[in-house]
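Engineer: So that we are looking at the same thing, I have put the structure below in structure tokens.
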Amino acid sequence: MEKNINHKEQDLIYALKEGSHKAFDAIYKIYARRLYAYSLLFTKSHEEAKEVVQDVFIKLWMSRTKIRQEETLRSLLFIIAKNYLINSYRSKINSPVYEEFIMHKETMIVNDTEYQVEYHDFLNKFNKAMEYLPPTQRKIVTLSKIYQFSNKEIVEKLSLSEQTVKNQLSLGLKTLREKLGIAYFFYILFFVN
């Protein structure tokens, strides 16, 4: 049975690479709902999740000739979706609206008790997770994600090589992701400043 499914998928990939709209439609019918559900987990918005699915399939069609025959469609499509979501978050961070939010967030008055409880819960978990990091990693993560220092600024401040800063930041974020889980990890990346 699995060989049959694998064979069908390979046939779809081959046909897609040849420009078959029928193969493209078949792939869409198989994977669109799964990609939508996956995207909705991260975007929390039906419209954004639909946009992700649309962009994933546009990218699939545009790069169809570059698909390796041995690739699985599932992994390929979910990698495209993951990259799209990451780039989407990055672009939101670099948008003037986000920067304005960061500049004025101290002046914002939050009356929502539930938000306050969640925020304090997050801070407690974040502080506990930070304790797992070795001192150098802790400093680098703090400077990068909380104080928004560039890697170059961190290199100068801590007298470390740029490669050391990159490696330690990567290891520190990996530890935080493991300790906090994906929801809190995204919160750190995009909302703690």
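Labels for the structure tokens follow display order: chains A, B, ..., residues from 1 in each chain, ligands from 1.
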Pick out the residues sitting within 12 Å of Ser150 in chain A, and hand them over as an NGL selection string; count only C-alpha atoms, and ignore anything fewer than 6 positions along from it in its own chain.
Structural biologist: :A and (140-144 or 156-157 or 162 or 165-166 or 169)
Engineer: If we count only C-alpha atoms, what is near range 23-29 of chain A at a cut-off of 8 Å, once residues fewer than 4 positions away on the same chain are taken out, given as JSON, numbers by chain?
Structural biologist: {"A": [12, 13, 15, 16, 33, 57, 61]}
Engineer: If you count only C-alpha atoms, which residues fall within 10 Å of Glu48 in chain A, apart from same-chain ones fewer than 4 positions away, as a VMD selection string?
Structural biologist: chain A and resid 36 39 to 40 42 to 44 52 to 54 85 88
Engineer: Convert the current residue selection to file output with C-alpha atoms, as a PDB file, in the first residue's frame.
Structural biologist:
```
ATOM      1  CA  TYR A  36      -4.414  25.506   6.193  1.00  0.00           C
ATOM      2  CA  SER A  39      -0.847  27.697   9.171  1.00  0.00           C
ATOM      3  CA  LEU A  40      -3.836  28.507  11.361  1.00  0.00           C
ATOM      4  CA  PHE A  42       0.618  29.925  13.947  1.00  0.00           C
ATOM      5  CA  THR A  43      -1.316  32.798  12.399  1.00  0.00           C
ATOM      6  CA  LYS A  44      -4.506  32.461  14.485  1.00  0.00           C
ATOM      7  CA  VAL A  52      -0.188  31.127   3.426  1.00  0.00           C
ATOM      8  CA  VAL A  53      -1.793  28.201   1.566  1.00  0.00           C
ATOM      9  CA  GLN A  54      -2.208  30.315  -1.567  1.00  0.00           C
ATOM     10  CA  LEU A  85       5.509  31.880   8.215  1.00  0.00           C
ATOM     11  CA  SER A  88       6.023  36.772   7.554  1.00  0.00           C
TER      12      SER A  88
END
```
Engineer: From range 140-184 of chain A, collect each residue whose DSSP state is helix (DSSP H, G or I) and return the set as a VMD selection string.
Structural biologist: chain A and resid 140 to 146 151 to 158 162 to 184
Engineer: Now that the selection is made, can you save its residues with C-alpha atoms as a short mmCIF file (atom, residue, chain, number, x, y, z; two decimals), in the first residue's frame?
Structural biologist:
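Saved as part03.cif:
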```cif
data_model
loop_
_atom_site.label_atom_id
_atom_site.label_comp_id
_atom_site.auth_asym_id
_atom_site.auth_seq_id
_atom_site.Cartn_x
_atom_site.Cartn_y
_atom_site.Cartn_z
CA ILE A 140 23.91 37.24 24.46
CA VAL A 141 20.21 36.29 24.36
CA THR A 142 19.35 39.21 26.66
CA LEU A 143 21.29 41.70 24.55
CA SER A 144 19.90 40.34 21.27
CA LYS A 145 16.25 39.66 22.06
CA ILE A 146 15.48 41.99 24.94
CA ASN A 151 25.40 40.75 16.59
CA LYS A 152 28.10 43.31 15.80
CA GLU A 153 27.16 45.39 18.87
CA ILE A 154 27.23 42.26 21.04
CA VAL A 155 30.68 41.36 19.67
CA GLU A 156 31.97 44.80 20.67
CA LYS A 157 30.27 44.84 24.06
CA LEU A 158 31.35 41.35 25.16
CA GLU A 162 31.09 37.14 15.70
CA GLN A 163 30.96 33.37 15.19
CA THR A 164 30.88 32.80 18.96
CA VAL A 165 27.99 35.25 19.29
CA LYS A 166 26.07 33.52 16.47
CA ASN A 167 26.69 30.05 17.91
CA GLN A 168 25.84 31.03 21.49
CA LEU A 169 22.67 32.87 20.40
CA SER A 170 21.57 29.85 18.38
CA LEU A 171 22.23 27.46 21.30
CA GLY A 172 20.51 29.80 23.77
CA LEU A 173 17.39 30.13 21.62
CA LYS A 174 17.31 26.36 21.12
CA THR A 175 17.35 25.84 24.90
CA LEU A 176 14.60 28.44 25.38
CA ARG A 177 12.49 26.79 22.70
CA GLU A 178 12.84 23.43 24.47
CA LYS A 179 12.08 24.88 27.89
CA LEU A 180 9.23 27.20 26.92
CA GLY A 181 7.51 25.43 24.06
CA ILE A 182 6.64 26.91 20.69
CA ALA A 183 4.01 29.44 21.81
CA TYR A 184 6.27 31.08 24.35
#
```
Engineer: Which one is closest to His7 in chain A: A:Glu131, A:Asp121, A:Glu47, A:Glu70? Count only C-alpha atoms.
Structural biologist: A:Glu70
Engineer: How many Å lie between CA of Tyr84 in chain A and CA of Val56 in chain A, rounded to one decimal?
Structural biologist: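 Taking CA of Tyr84 in chain A as the start and CA of Val56 in chain A as the end point, the length is 7.7 Å.
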Engineer: Rounded to one decimal, what separation in Å do you get between CA of Arg138 in chain A and CA of Ser159 in chain A?
Structural biologist: 15.2 Å
Engineer: Write out as a PyMOL selection string each polymer residue whose atoms come within 12 Å of Lys59 in chain A, counting only C-alpha atoms; drop sequence neighbours fewer than 3 positions from it.
Structural biologist: chain A and resi 24+52-56+62-67+76-81+83-84
Engineer: Those selected residues, please, written with N, CA and C atoms and delivered as a short mmCIF file (atom, residue, chain, number, x, y, z; two decimals), in the first residue's frame.
Structural biologist:
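Output file result_14.cif follows:
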```cif
data_model
loop_
_atom_site.label_atom_id
_atom_site.label_comp_id
_atom_site.auth_asym_id
_atom_site.auth_seq_id
_atom_site.Cartn_x
_atom_site.Cartn_y
_atom_site.Cartn_z
N PHE A 24 -1.25 19.40 -10.47
CA PHE A 24 -1.26 20.51 -9.50
C PHE A 24 -2.57 20.52 -8.71
N VAL A 52 -1.36 32.01 3.37
CA VAL A 52 -0.19 31.13 3.43
C VAL A 52 -0.36 29.98 2.44
N VAL A 53 -1.53 29.33 2.47
CA VAL A 53 -1.79 28.20 1.57
C VAL A 53 -1.67 28.65 0.11
N GLN A 54 -2.27 29.79 -0.20
CA GLN A 54 -2.21 30.32 -1.57
C GLN A 54 -0.75 30.55 -1.98
N ASP A 55 0.02 31.18 -1.13
CA ASP A 55 1.41 31.47 -1.46
C ASP A 55 2.27 30.21 -1.56
N VAL A 56 1.97 29.22 -0.73
CA VAL A 56 2.70 27.95 -0.80
C VAL A 56 2.49 27.31 -2.17
N MET A 62 5.61 27.84 -9.27
CA MET A 62 6.70 28.62 -9.85
C MET A 62 8.03 27.85 -9.84
N SER A 63 8.21 27.01 -8.83
CA SER A 63 9.50 26.29 -8.72
C SER A 63 9.37 24.81 -9.05
N ARG A 64 8.31 24.44 -9.75
CA ARG A 64 8.02 23.03 -10.02
C ARG A 64 9.14 22.32 -10.77
N THR A 65 9.84 23.02 -11.65
CA THR A 65 10.89 22.36 -12.44
C THR A 65 12.12 22.05 -11.59
N LYS A 66 12.23 22.69 -10.43
CA LYS A 66 13.40 22.47 -9.56
C LYS A 66 13.16 21.39 -8.51
N ILE A 67 11.95 20.86 -8.45
CA ILE A 67 11.64 19.82 -7.46
C ILE A 67 12.42 18.56 -7.80
N LEU A 76 8.05 18.85 1.37
CA LEU A 76 8.32 20.03 0.55
C LEU A 76 7.31 21.15 0.85
N LEU A 77 6.03 20.82 0.86
CA LEU A 77 5.00 21.83 1.08
C LEU A 77 5.06 22.42 2.49
N PHE A 78 5.32 21.57 3.47
CA PHE A 78 5.38 22.08 4.84
C PHE A 78 6.65 22.90 5.09
N ILE A 79 7.72 22.59 4.40
CA ILE A 79 8.93 23.42 4.49
C ILE A 79 8.66 24.79 3.88
N ILE A 80 7.99 24.82 2.73
CA ILE A 80 7.64 26.10 2.10
C ILE A 80 6.75 26.91 3.05
N ALA A 81 5.76 26.25 3.65
CA ALA A 81 4.84 26.94 4.58
C ALA A 81 5.60 27.47 5.78
N ASN A 83 8.78 28.26 6.05
CA ASN A 83 9.61 29.39 5.65
C ASN A 83 8.78 30.65 5.42
N TYR A 84 7.60 30.47 4.82
CA TYR A 84 6.72 31.61 4.60
C TYR A 84 6.30 32.22 5.93
#
```
